[in-house]
Each structure stands twice: as structure tokens, then as C-alpha cells.
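K.L.:
What follows is a structure written as C-alpha cells; I'll ask about it next.
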Amino acid sequence: MKWNFRKLARGELTRDPIIGEFFSTEIMDNPAQALVRESIQNALDAGRQKLVSIRLFLASGEHGLPAENAEFWLDGAWEHYKAKDNGLRQLPNTEDPCPFLVVEDFGTTGLQGDITQSFPISDKKNSFFYFFRAEGRSVKSDKDRGRWGVGKHVFPRSSRISTLFGLTVRADDNKRLLMGRATLRNHGLDQVHYSPDGYLGKYEDDGFVLPFDDEQITDRFSSDFRLERKNEPGLSVVVPFVDFETISVGNLKRAVVSDYFYPLLAKALVVNIETPDGATIINSETLSDVIQSDTDLVKELLPQIELAKWAILCPEQEIFKLNPCDPRRPAWSNDLIPFDAFKLLKEKLLRGDKIAIRANLYVREKGKQPVASYFDVFLIQDGYDDGRPKFIREGITISDIHAPRSRGVRSMVVVEDKPLATLLGDSENPAHTQWQKGSSNFEYKYVYGLAYIEFVTRFVSCLVNALSAQDEEEDRNILADIFSLPLGEPTDKQKQPKDIHERELKDKSDNGYKDDGNEPNKKRFKVLRARGGFTITQGETGTNPPVKLDIKCAYDIRRGNPLKKYDAALKLGASDFRIGHDGVKITQQVGLKIMERQNNHIRVETLNPEFRLTVKGFDENRDLYVNVKILEGNDD
């Protein structure tokens, strides 16, 4: 029983695995978060019953595996761990006890499949092969939470010797199998060069490695590493020489409650975090208590938990159903809100009531018929200062979505319906923290794919803006100078017959048309009439927001240019106001920065696609003239 690294053939490609960098601390808060996110996600995907249970056992210091026991399981590996340029840093002392982490899942299938399979076979599921013998490939289908086949690399990345052991009991044949894998870099020993991958198992004559199935070996492994698994199906992963300074109990708890509070509350997940000194069970009943024990989590998560509890128990009849989006392409419009529901939703928002809304759309995969789908939004106006929504896809929190803020509103976007969940899952980065239009699993797969990401991420902001607007309407008589095009003048595109427009959309979507998020001849901002003033806000879907806007206003006159007649001295006549004085003031400023404000002139820089500027206090008995120009970059 000895570790083995394959010798490299002459001319074979030098390979330094970097897959673990997908889970770097630039993407995750800490390594514990990456480990928790990936291991729980994999377990939920492999679940064979409604409730999946996870055990995280951390043993360090004097509670670690004695050095002589660790030597038994790492025999033949140390010379490779000590080789030059193998990618390892700060090797542990072999004479010290081995700290380790155990990650066990229950209620799952285990690693099933042909253990002798040595190459990938299309459309053949073999989770054992993909866990131990594949890199950057996955057994998972597009109906699973993961796609990339790199999640397992969080385990060796958490080990100071980049090593893992996996003991699995399989649901289909009840076999109990054990295998080890190390992932280093190409390295040399005594002028012999070796592959980055090392294995512990039963070696055949050609060097192929099979797992141990001998009860004496698997029983000793279970005893040494204090596994809880007996004959229950599932997977037990052991990370030897775990970096226990970053993989701490506190970090594990924070990662569990931050990223998986939704399935915990929905009673689809239970997590037990143990040390030799005690245990913490995290489930739907204990979640709030666990959060309250951590002062860093109380302010941020506790109100979110209360909203999530309500969302999970919200009856179907209390969810407001919006009108379906255009089946060709999802885009926000105030018309999505049913006329008879608009006033009620607005009143509930102002009162601080909880609101549940379902957005209906059609998912269009290229070459296939559109499929109806939906997502749900739960929100409350409670003074939440950050204002960014929480996004949850099939239980996992997608933590790095830069959605527009709706300050004062706490919200949660839940995507569970398969067609849309599949689309968004395809767009995710390997760490499942972002939705990216350039993802290789996503690009070119969907018609107007980017529009779906934008619609979901901007939905809460658009909805809140619509419900918060007070007596505002687009005023086509307020002049806007957009590249010398008056706002009220229809463009050529607006003059096109409807049937021509529809034909052009079909041609673009069916012939590899690349959706880059920009569409010509659409307004990049809107000027709206507000009671006692005006609002300037985002333009039509499919346009990029202007970088800077130059805004001038004056009371209208019968003849001539009102701006030229404006008099900052406030003489009675054409212009008798200054912004910031005499009751004329900026009453709303969202997603933008004021660069300059003087007399009747405001210059702003937009910081967010869903920007909004409202100025009020003008004489309501006089007509107001507003002139807006786009400034790009440093072009004044």
C-alpha cells in the first residue's frame, strides 16, 4: 500500500494545474467558504431524498491524527511532497499530529459508476470516474447546480499537501470503496520527471489505479479519521494536513449560514459542524440562534432570514403574478404590473408590508421552442441601507451579483423553476458566484442570453422605481438634446412597420446574431414629468447608460431660447430660480454623482445603469424647459 506518481514520457506536456485558482480569495471571502459552497452543492446534486445531511468534522492540535498513523496513509508520498518546484509551500512537520477535516454527506447516492473506466464516455454517468480521474469535466447535466467539474479541487486546495482521500458507499451496489489523490505540479526526483497526479489505491500492471475495497483497510481508515459513516450511501472526503487557520469552525459556520440559509430554512439541508470538543447542528430550528451567536452576521443576515422564512411559507395565492414578458426577449416594462395590482402593490410597499411577486417569461434556447418559466421576488421596505437583492438559484446564494441598489428595500430573488435556473446556471463562473454572459457553457446557447441576466438582476430596481414613482410620466414636450435629435421626433426604427421589425428580430436570433447588449436608435435616458419638477432616469432596455449628462433648465418663454434668457441674478421675468435655493432642490439622487451644480445647470456622472435624478420645487404654474446632453468620458 503506497502512493504512486506516474513517470512522464519524453516530450510529454508540462502541466501545472491552476484549477484551484477558480476558488481564490479574490472570488471567495476565505477558503472555508469555497469548501463549504462546493461540497454542499455537490451533495445536494447527488441527493436521493428530500433531506441531505452534511457532517464537517475538524480535528487539529493534539486531536489530530498521530504522526505514525499519518505515515501509514501517506507512505511513498513524502518524497514527492518535498520535491523542488512541486507547487507546495510551507510543508508540515511529519513528526507532528496531522490536522484533518472530514466532509461527509448522507441521503446521497455516493460515487457510482464503473471503477475501471479510464476515459470519458459521452452520455454515460460515472461520478466515480469524474471525481477521481477527470479535471475540468463533470458528470453533471445542465439540470444540476454545478457544471464545470472543478468543485472537487476545493479539497486539495484546503490541504497543505494538496491531497484528499475519498471513501464512498454506493447506493446502487452497496460497495464501500477508498481511494486517495494528490494534485501537485510537474516535478523531478533524481533526474526523473513525474506527473502532477498521485494516487493511493490498488495498482495494476499497467499503472492503472483501482480503489481499495478490502474491509480491513476501509475500517482502519474510518477509525483513524473518525468517520461517522458505516454502510450509509454517500461520500466521505478527508483533507489531511488541513490549513486549520483558515478552515476554522467560525469560518465554516459563517459560510454555511451565509450561502445556504435558504435550503436550511426549507428543511432540505442539515449541517453538523463538529470538533472533538463539541458540535453545532445547523437546521431550520437552530439557524437564527447560530447567527445571533456571531456578531458579524446578526446585522446583515438576521433580517434576511426573517424574509426568507416568510418566502418559504408564502402561500401560492399571495404571490402577485405579473404579466408575461415579450416571448421573444425579456425586458422590463411598467406594463408587466397588472393594472388592478399596481395601486395595491404600491400601498403595500409604502406601508412596509412584505410583498411576493412572480415574474413570468419564456426561455429561448437556440434551435428549440420557447419554454415558459418564472422566478419569484420577495421584498420589504424596511430601511435596509445596502439595498442590493440576494440572489438564490436552486438553494445556493449567488454572492457576487452587482445588481442595482434599491436603498431602503430588502429583497430576495429566488430562481427554482428549471428552464430559467438552467440558463442562469449555465452562465455562472466555476465558483458559482457570478452570472457572466461570456461563460463557455452559456455563450451562443440562448437567444438574447444577456437579456435574461439583465432582466433578473435589474428586476428589483425596476419594480421599486415603478412603485415609488410619484405622478411621473414621460413628457415628450420637455426637450432633450440627444445628438441633436429632439425627444419627440420618431426615429426611423420607430417608423418601421411592425411586421418588418419582427422579421429583423427573427433573422438576428436564428443566424448566430451576437447579442452584445447594445441596440441602435434607442433612447439612453428618459426625461419624465414629476409634480413640481422633472426626473431623468435610465433609457430603454438594450442601451448602455450615458457616462455623463449635462442638464440645463429654465422657465419656457413664447419666443427664443429659454436658456439664453435665463438670468442667474433672479430678476423677475423669464428665469427666477436657482437649483438649491428658494425651494428648488434635488429630491432624489440614485446611481449617480453630482459633478457640478450651479444656477440652472447640473452635471452628473452615472454610476449605475438604473440611475435616477429628480429635481422639484419649480413654479407649477409655469412651463419648464429642460435640455439634456450626453457627455462621453472626458469629452465636454
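Just so we're on the same page: first chain in the C-alpha cells is A, next is B, and so on; residues restart at 1 for each chain, and ligands are numbered from 1 in the order they show up.
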How would you write, as a list in words, the set of residues in segment 250-320 of chain A that DSSP gives as strand (DSSP E or B)?

P.N.:
Leu269, Val270, Val271, Asn272, Ile273, Glu274, Thr275, Gly278, Ala279, Thr280, Ile281, Ile282 and Phe320 of chain A

K.L.:
If you count only C-alpha atoms, which residues fall within 9 Å of Asp623 of chain A, apart from same-chain ones fewer than 6 positions away, as a short mmCIF file (atom, residue, chain, number, x, y, z; two decimals) with N, CA and C atoms, in the first residue's frame?

P.N.:
data_model
loop_
_atom_site.label_atom_id
_atom_site.label_comp_id
_atom_site.auth_asym_id
_atom_site.auth_seq_id
_atom_site.Cartn_x
_atom_site.Cartn_y
_atom_site.Cartn_z
N ALA A 554 -34.85 75.91 -17.60
CA ALA A 554 -35.32 77.29 -17.47
C ALA A 554 -36.83 77.30 -17.66
N TYR A 555 -37.48 78.36 -17.19
CA TYR A 555 -38.90 78.50 -17.47
C TYR A 555 -39.07 78.86 -18.94
N ASP A 556 -40.05 78.25 -19.58
CA ASP A 556 -40.24 78.43 -21.02
C ASP A 556 -40.75 79.84 -21.32
N ILE A 557 -40.47 80.28 -22.54
CA ILE A 557 -40.91 81.60 -22.99
C ILE A 557 -41.57 81.45 -24.35
#

K.L.:
Kindly indicate which residue among A:Ile536, A:Arg226, A:Asn544, A:Asp582 lies nearest to Val626 of chain A, using only C-alpha atoms for the distances.

P.N.:
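So, comparing all the options, the nearest one is A:Ile536.
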
K.L.:
Go through A:Asn323, A:Thr422, A:Asn608, A:Asn30 and flag the residue nearest Arg364 of chain A, using only C-alpha atoms for the distances.

P.N.:
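When distances to Arg364 of chain A are compared using only C-alpha atoms, the smallest one comes from A:Thr422.
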
K.L.:
In segment 348-392 of chain A, what's helix (DSSP H, G or I) per DSSP? Answer as a ChimeraX atom specification?

P.N.:
/A:348-351

K.L.:
What would the file look like if the residues just selected were written as a short mmCIF file (atom, residue, chain, number, x, y, z; two decimals), in the first residue's frame with C-alpha atoms?

P.N.:
data_model
loop_
_atom_site.label_atom_id
_atom_site.label_comp_id
_atom_site.auth_asym_id
_atom_site.auth_seq_id
_atom_site.Cartn_x
_atom_site.Cartn_y
_atom_site.Cartn_z
CA LYS A 348 -48.03 47.60 0.49
CA LEU A 349 -44.52 48.86 -0.30
CA LEU A 350 -45.15 52.23 1.38
CA ARG A 351 -46.66 50.54 4.47
#

K.L.:
I need the residue nearest Lys7 of chain A from this list: A:Asp197, A:Asp213, A:Glu104, A:Glu79. Use only C-alpha atoms for the distance.

P.N.:
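Residue with the minimum atom-to-atom distance to Lys7 of chain A: A:Asp197.
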
K.L.:
By how many Å are atom CA of Lys616 of chain A and atom CA of Asp567 of chain A apart?

P.N.:
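Taking atom CA of Lys616 of chain A and atom CA of Asp567 of chain A, their separation equals 19.1 Å.
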
K.L.:
Report as number ranges by chain all protein, DNA and RNA residues lying within 8 Å of Ala359 of chain A, evaluated on only C-alpha atoms, omitting residues in the same chain fewer than 2 positions from it.

P.N.:
A: 321-324, 357, 361, 374-377

K.L.:
Taking into account only C-alpha atoms, which residue in the set A:Lys526, A:Lys445, A:His432, A:Arg559 is nearest to Glu394 of chain A?

P.N.:
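Nearest candidate to Glu394 of chain A out of A:Lys526, A:Lys445, A:His432, A:Arg559: A:His432.
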
K.L.:
Would you mind telling me which residue in A:Trp78, A:Tyr260, A:Phe57, A:Phe132 lies nearest to Val209 of chain A when using only C-alpha atoms?

P.N.:
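Looking only at the distances to Val209 of chain A, the closest residue turns out to be A:Phe132.
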
K.L.:
Find the residues around segment 274-284 of chain A up to 10 Å (only C-alpha atoms counted), leave out those fewer than 4 positions away in its own chain, and share them as number ranges by chain.

P.N.:
A: 53-60, 63-64, 101-102, 226, 249, 253, 256-257, 261-270, 288-291, 309

K.L.:
Could you check the closest approach to Arg529 of chain A for each of A:Phe618, A:Phe221, A:Phe106, A:Phe378 and tell me which residue wins, using only C-alpha atoms?

P.N.:
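For Arg529 of chain A, the nearest of the given residues is A:Phe618.
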
K.L.:
Can you work out the spacing between atom CA of Gly408 of chain A and atom CA of Val460 of chain A in Å, to one decimal?

P.N.:
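Going from atom CA of Gly408 of chain A over to atom CA of Val460 of chain A, I get 12.2 Å.
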
K.L.:
Quick one: everything within 9 Å of Phe119 of chain A, counting only C-alpha atoms, minus sequence neighbours fewer than 2 positions away in the same chain. Send it as number ranges by chain.

P.N.:
A: 117, 121, 129, 133-134

K.L.:
Dump C-alpha atoms for the selected residues as a tab-separated table (two decimals), in the first residue's frame?

P.N.:
chain	number	residue	atom	x	y	z
A	117	GLN	CA	-13.49	3.27	-16.74
A	121	ILE	CA	-17.72	8.29	-22.44
A	129	PHE	CA	-14.64	8.48	-12.76
A	133	ARG	CA	-9.93	10.68	-12.84
A	134	ALA	CA	-11.18	13.85	-14.59

K.L.:
How far is it from atom CA of Glu347 of chain A to atom CA of Leu467 of chain A, in Å with one decimal?

P.N.:
8.7 Å
